[in-house]
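Next up, coords_10.cif (mmCIF, C-alpha atoms):
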```cif
data_work
loop_
_atom_site.label_atom_id
_atom_site.label_comp_id
_atom_site.auth_asym_id
_atom_site.auth_seq_id
_atom_site.Cartn_x
_atom_site.Cartn_y
_atom_site.Cartn_z
CA MET A 1 -31.32 259.61 9.01
CA ASN A 2 -29.26 261.33 11.67
CA LEU A 3 -29.73 264.90 12.81
CA GLU A 4 -26.31 265.97 11.54
CA THR A 5 -27.36 265.25 7.93
CA ILE A 6 -30.43 267.47 8.30
CA VAL A 7 -28.44 270.22 10.03
CA GLN A 8 -25.90 270.27 7.18
CA ALA A 9 -28.42 270.04 4.33
CA LEU A 10 -30.69 272.78 5.65
CA HIS A 11 -27.94 274.98 7.11
CA LEU A 12 -29.42 274.99 10.59
CA GLY A 13 -27.79 276.91 13.40
CA VAL A 14 -26.76 274.70 16.30
CA LYS A 15 -27.33 276.47 19.60
CA SER A 16 -26.93 273.49 21.90
CA GLY A 17 -26.58 269.72 21.91
CA GLY A 18 -23.85 269.81 19.24
CA ASP A 19 -22.49 266.49 20.46
CA ARG A 20 -25.89 264.83 20.03
CA LEU A 21 -26.28 265.35 16.31
CA GLY A 22 -25.67 261.66 15.72
CA VAL A 23 -29.17 260.96 17.06
CA GLU A 24 -31.56 259.30 14.63
CA VAL A 25 -34.47 261.40 13.42
CA ARG A 26 -37.49 259.12 13.05
CA GLY A 27 -40.06 261.74 12.14
CA GLY A 28 -41.20 265.24 12.88
CA TYR A 29 -43.87 267.28 14.55
CA VAL A 30 -44.93 270.89 14.03
CA GLY A 31 -46.69 272.85 16.72
CA ASP A 32 -46.70 275.72 19.16
CA LEU A 33 -49.16 274.18 21.61
CA LEU A 34 -47.10 272.34 24.17
CA SER A 35 -49.92 270.01 25.20
CA ASP A 36 -50.36 269.02 21.56
CA VAL A 37 -46.70 268.10 21.31
CA MET A 38 -46.88 266.28 24.64
CA ALA A 39 -49.81 264.24 23.36
CA ASN A 40 -48.72 263.59 19.78
CA GLY A 41 -44.96 263.99 19.53
CA ARG A 42 -43.09 260.71 19.40
CA GLU A 43 -39.66 259.60 20.47
CA GLY A 44 -37.09 260.59 17.83
CA ASP A 45 -39.27 263.35 16.31
CA LEU A 46 -37.72 266.63 15.28
CA TRP A 47 -39.95 269.38 16.65
CA ILE A 48 -40.54 272.52 14.60
CA THR A 49 -41.87 275.47 16.59
CA ARG A 50 -41.89 279.22 17.09
CA GLN A 51 -42.05 278.95 20.86
CA ILE A 52 -38.79 280.12 22.41
CA HIS A 53 -39.42 279.93 26.15
CA GLN A 54 -37.73 277.37 28.34
CA ASN A 55 -40.66 275.00 28.69
CA ILE A 56 -39.92 273.69 25.20
CA VAL A 57 -36.79 272.08 26.61
CA ALA A 58 -38.77 270.20 29.24
CA VAL A 59 -41.19 268.93 26.59
CA ALA A 60 -38.37 267.79 24.27
CA SER A 61 -36.63 266.08 27.15
CA LEU A 62 -39.74 264.36 28.54
CA LYS A 63 -40.79 263.13 25.09
CA ASP A 64 -37.28 262.03 24.04
CA LEU A 65 -37.49 264.18 20.92
CA ALA A 66 -34.48 264.27 18.59
CA GLY A 67 -34.29 268.05 18.82
CA ILE A 68 -36.08 271.38 18.44
CA ILE A 69 -35.95 273.69 15.41
CA LEU A 70 -36.90 277.32 15.98
CA VAL A 71 -38.07 278.65 12.65
CA ARG A 72 -38.32 281.99 10.82
CA GLY A 73 -35.27 283.47 12.49
CA ALA A 74 -36.48 282.91 16.05
CA GLU A 75 -33.74 282.79 18.68
CA PRO A 76 -34.07 280.95 22.00
CA ALA A 77 -34.59 283.02 25.13
CA ALA A 78 -31.47 283.18 27.30
CA ASP A 79 -32.85 280.85 29.96
CA THR A 80 -34.09 278.45 27.26
CA LEU A 81 -30.60 278.16 25.84
CA GLU A 82 -29.13 277.72 29.30
CA LYS A 83 -31.55 274.90 30.04
CA ALA A 84 -31.02 273.24 26.65
CA VAL A 85 -27.26 273.27 27.22
CA ARG A 86 -27.72 271.85 30.72
CA GLU A 87 -30.01 269.06 29.50
CA ASN A 88 -28.05 268.57 26.28
CA ILE A 89 -31.04 268.94 23.99
CA PRO A 90 -30.24 269.88 20.37
CA LEU A 91 -31.68 273.37 19.89
CA LEU A 92 -31.47 274.45 16.26
CA THR A 93 -32.38 277.64 14.42
CA ALA A 94 -33.49 278.33 10.86
CA ASP A 95 -34.60 281.27 8.72
CA LEU A 96 -37.20 279.21 6.88
CA PRO A 97 -40.82 279.31 8.08
CA ALA A 98 -42.38 276.20 9.61
CA PHE A 99 -44.22 275.07 6.46
CA GLU A 100 -41.11 275.04 4.30
CA MET A 101 -38.97 273.54 7.02
CA ALA A 102 -41.44 270.70 7.54
CA GLY A 103 -41.64 270.10 3.77
CA ARG A 104 -37.90 269.87 3.35
CA ILE A 105 -37.41 267.59 6.31
CA TYR A 106 -40.29 265.40 5.17
CA GLN A 107 -38.68 265.10 1.73
CA MET A 108 -35.43 264.05 3.35
CA ILE A 109 -36.75 261.41 5.69
CA CYS A 110 -39.84 260.18 3.82
CA PRO A 111 -39.13 261.07 0.14
CA LEU A 112 -42.25 261.07 -2.00
CA LYS A 113 -42.23 258.48 -4.74
CA VAL A 114 -43.43 260.29 -7.86
CA MET B 1 -44.21 238.01 27.50
CA LYS B 2 -44.13 239.89 30.73
CA ARG B 3 -42.24 243.14 30.59
CA GLY B 4 -41.96 245.78 33.23
CA LEU B 5 -39.56 245.81 36.09
CA SER B 6 -36.16 244.53 35.17
CA VAL B 7 -34.25 245.40 38.31
CA PRO B 8 -34.56 243.69 41.68
CA HIS B 9 -37.49 245.25 43.52
CA ARG B 10 -35.59 245.17 46.76
CA LYS B 11 -33.29 247.95 45.61
CA TRP B 12 -36.22 250.34 45.83
CA MET B 13 -37.60 249.25 49.16
CA GLY B 14 -36.65 250.97 52.34
CA ALA B 15 -35.81 254.63 52.69
CA VAL B 16 -38.85 256.28 51.18
CA SER B 17 -41.30 253.39 51.22
CA VAL B 18 -43.64 253.01 54.12
CA CYS B 19 -46.06 250.58 52.53
CA GLU B 20 -44.83 247.03 52.06
CA LYS B 21 -46.26 246.76 48.57
CA TRP B 22 -44.59 249.91 47.31
CA LEU B 23 -41.44 249.48 45.29
CA TYR B 24 -41.10 253.21 45.42
CA GLY B 25 -43.04 256.03 46.99
CA ASN B 26 -42.36 259.74 47.23
CA SER B 27 -44.01 263.14 46.93
CA PHE B 28 -42.71 266.22 45.18
CA PRO B 29 -43.83 269.80 45.84
CA VAL B 30 -44.78 272.11 42.95
CA ASP B 31 -45.00 275.89 43.33
CA GLY B 32 -47.90 277.70 41.74
CA GLY B 33 -46.92 280.39 39.25
CA ASN B 34 -43.35 279.24 38.78
CA PHE B 35 -43.18 278.52 35.04
CA ASP B 36 -39.38 278.64 35.06
CA ASP B 37 -39.32 275.48 37.12
CA ALA B 38 -42.15 273.67 35.30
CA GLY B 39 -41.10 270.22 34.19
CA ARG B 40 -38.62 269.67 37.01
CA VAL B 41 -40.82 267.22 38.93
CA SER B 42 -41.90 265.40 35.75
CA GLY B 43 -38.28 265.06 34.71
CA ARG B 44 -37.38 263.65 38.09
CA ILE B 45 -40.25 261.16 38.03
CA LYS B 46 -39.30 260.05 34.52
CA THR B 47 -35.71 259.48 35.63
CA ILE B 48 -36.84 257.47 38.66
CA LEU B 49 -39.08 255.22 36.55
CA LYS B 50 -36.39 254.70 33.91
CA GLU B 51 -33.82 253.83 36.56
CA MET B 52 -36.24 251.31 38.00
CA GLY B 53 -36.35 249.61 34.61
CA ILE B 54 -40.03 250.34 34.04
CA GLU B 55 -40.90 249.74 30.38
CA ASN B 56 -40.72 252.72 28.03
CA ASP B 57 -44.44 252.88 27.23
CA VAL B 58 -45.27 253.27 30.90
CA VAL B 59 -42.52 255.86 31.41
CA ARG B 60 -43.84 257.88 28.45
CA MET B 61 -47.39 257.79 29.77
CA ALA B 62 -46.19 258.86 33.22
CA ALA B 63 -44.15 261.71 31.67
CA VAL B 64 -47.22 263.16 29.92
CA ILE B 65 -49.42 262.75 32.99
CA THR B 66 -46.97 264.32 35.41
CA TYR B 67 -46.01 267.16 33.08
CA GLU B 68 -49.62 268.17 32.43
CA SER B 69 -50.40 267.88 36.14
CA GLU B 70 -47.40 270.03 36.94
CA ILE B 71 -48.42 272.66 34.37
CA ASN B 72 -51.95 272.74 35.79
CA ILE B 73 -50.62 273.36 39.30
CA VAL B 74 -48.18 276.02 38.07
CA SER B 75 -50.89 277.68 35.97
CA TYR B 76 -53.81 277.72 38.38
CA ALA B 77 -52.92 276.75 41.95
CA ARG B 78 -51.02 278.31 44.83
CA HIS B 79 -49.21 275.14 45.67
CA GLY B 80 -49.40 271.47 44.90
CA MET B 81 -47.89 268.08 45.42
CA ILE B 82 -47.32 265.30 42.92
CA SER B 83 -46.83 261.87 44.39
CA LEU B 84 -45.49 258.76 42.75
CA HIS B 85 -46.05 255.25 43.99
CA VAL B 86 -44.74 252.27 42.10
CA LEU B 87 -46.28 248.93 42.90
CA PRO B 88 -45.50 245.59 41.27
CA GLU B 89 -48.43 245.87 38.84
CA HIS B 90 -49.04 249.56 38.41
CA VAL B 91 -47.81 253.10 38.80
CA GLU B 92 -49.95 255.51 40.81
CA ILE B 93 -49.62 259.24 40.31
CA GLU B 94 -51.54 261.75 42.38
CA ALA B 95 -51.63 265.49 41.86
CA VAL B 96 -53.19 267.47 44.69
CA ASP B 97 -53.29 271.23 44.76
CA GLU B 98 -54.41 274.12 46.91
CA GLY B 99 -56.13 276.48 44.53
CA PRO B 100 -59.41 277.78 43.17
CA GLY B 101 -60.75 274.32 42.31
CA ILE B 102 -62.97 273.52 39.33
CA SER B 103 -66.68 274.34 39.54
CA ASP B 104 -67.79 272.26 36.56
CA ILE B 105 -65.57 269.24 36.02
CA ARG B 106 -67.57 268.01 33.03
CA LEU B 107 -66.94 271.33 31.27
CA ALA B 108 -63.28 271.36 32.28
CA MET B 109 -62.83 267.93 30.72
CA GLN B 110 -64.09 269.20 27.35
CA GLN B 111 -61.34 269.49 24.78
CA GLY B 112 -60.62 273.17 24.13
CA TRP B 113 -62.27 274.55 27.26
CA SER B 114 -59.90 276.58 29.38
CA THR B 115 -59.78 279.44 31.88
CA ALA B 116 -56.14 280.20 31.08
CA THR B 117 -54.89 283.76 31.10
CA ASP B 118 -53.22 285.35 28.06
CA LYS B 119 -49.83 284.91 29.72
CA ILE B 120 -50.39 281.17 30.00
CA ARG B 121 -51.66 280.93 26.41
CA GLU B 122 -48.69 282.85 25.03
CA MET B 123 -46.46 280.07 26.28
CA GLY B 124 -48.42 277.48 24.36
CA PHE B 125 -50.43 276.21 27.32
CA GLY B 126 -54.08 276.74 28.17
CA ALA B 127 -55.49 275.23 24.99
CA GLY B 128 -57.88 273.06 26.97
CA MET B 129 -55.91 269.90 26.28
CA GLY B 130 -54.17 269.23 29.57
CA LEU B 131 -56.84 267.30 31.47
CA ASN B 132 -57.70 265.37 28.32
CA ASN B 133 -54.08 264.40 27.89
CA ILE B 134 -53.95 263.24 31.49
CA ARG B 135 -57.08 261.13 31.03
CA ASN B 136 -55.96 259.73 27.68
CA PHE B 137 -52.55 258.69 28.93
CA SER B 138 -53.94 257.02 32.08
CA ASP B 139 -55.45 253.56 32.39
CA ILE B 140 -57.55 254.80 35.31
CA PHE B 141 -58.27 258.47 35.88
CA HIS B 142 -60.13 260.12 38.71
CA ILE B 143 -60.69 263.81 39.34
CA SER B 144 -62.36 265.57 42.23
CA SER B 145 -62.41 269.21 43.18
CA ASP B 146 -63.69 271.58 45.86
CA VAL B 147 -64.26 275.14 44.71
CA GLY B 148 -62.08 277.50 46.76
CA SER B 149 -60.04 274.64 48.15
CA GLY B 150 -58.32 272.67 45.39
CA THR B 151 -58.27 269.80 42.96
CA ARG B 152 -57.16 266.21 43.29
CA LEU B 153 -56.22 263.96 40.39
CA LYS B 154 -55.43 260.29 40.70
CA MET B 155 -54.02 258.33 37.79
CA ILE B 156 -53.08 254.70 37.45
CA ILE B 157 -50.94 253.18 34.71
CA HIS B 158 -50.73 249.42 34.48
CA ILE B 159 -47.16 248.21 34.25
CA LEU B 160 -48.31 245.03 32.60
CA ARG B 161 -49.65 246.51 29.36
CA GLU B 162 -52.67 245.11 27.51
CA GLN B 163 -50.54 243.36 24.88
CA ASP B 164 -48.68 241.48 27.62
CA ARG B 165 -51.74 240.02 29.31
#
```
Please rewrite the model in this file as structure tokens.
Amino acid sequence: MNLETIVQALHLGVKSGGDRLGVEVRGGYVGDLLSDVMANGREGDLWITRQIHQNIVAVASLKDLAGIILVRGAEPAADTLEKAVRENIPLLTADLPAFEMAGRIYQMICPLKV
Amino acid sequence: MKRGLSVPHRKWMGAVSVCEKWLYGNSFPVDGGNFDDAGRVSGRIKTILKEMGIENDVVRMAAVITYESEINIVSYARHGMISLHVLPEHVEIEAVDEGPGISDIRLAMQQGWSTATDKIREMGFGAGMGLNNIRNFSDIFHISSDVGSGTRLKMIIHILREQDR
């Protein structure tokens, strides 16, 4: 499933990387500890976090993540946005909290067979 | 099947290499305390390895190792240097810093143990995972430290991965 489909379905704000929404989302990861994401995030994961400082861009870039979703109304810091634009990393925003966001994305990309 | 370098080695010999075996060799300075710039050296090293045609698994391991090393220098040291040497069979990464050093390396290697300040923790670092990540993503890991002087990490990643042997 591509990122654009998720952005449209969940009404995510697109702060940067708008031309990279065609990227395939292979999975997801939720976390605010950057070392945890560095260790366990995988290429193509959509990363759900509340961290807004610019180091999240470096992590997403180094791990080849599909994008970053800032949840519960969080907005990126100015220098974070600047860096995300420069590195063309999709930085997305949502009002939903992390738990609900993860649940909805999981349903979309790995629908439960009931 | 042997994977690894897919570009002619010769392209990378010369300018920065002083050892005949090196396909690439260079060192990159890292400033202590500069969180705004953290990730710059790791990003550069990742780009270099990708452009050399090093296989993705190795590039990913190197990215984690260099990023965590960079964050450690930024978080705790005054100054540091991360060096990258690519040889035909492995990638060597060294992170050397001038800083407080580590008095008990065994303790520092324990998952969850950290001396990070609140400022560092607020950014999502300092959870006591960094050194473990570096060790786990290396094929060979060596750490030494002198209290009051600094810490030296040496990591080796085999280019020819286990499944290719």
Checklist entry - Could you write out as a ChimeraX atom specification the residues of chain A within 7 Å of chain B, counting all atoms listed in the file? => result /A:32-35,38-39,55,58,62-63
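Nearest residue to Val37 of chain A among A:Asp95, A:Glu75, A:Glu82, A:Asp64 is A:Asp64, counting only C-alpha atoms.
Here atom CA of Ser145 of chain B is placed at a distance of 26.7 Å from atom CA of Tyr24 of chain B.
Among the candidate residues A:Ile56, A:Ala77, A:Val71, A:Met108, the one lying nearest to Ile89 of chain A is A:Ile56, with distances computed using all atoms listed in the file.
Pairwise distance (atom CA of Thr117 of chain B, atom CA of Ser149 of chain B) equals 20.0 Å.
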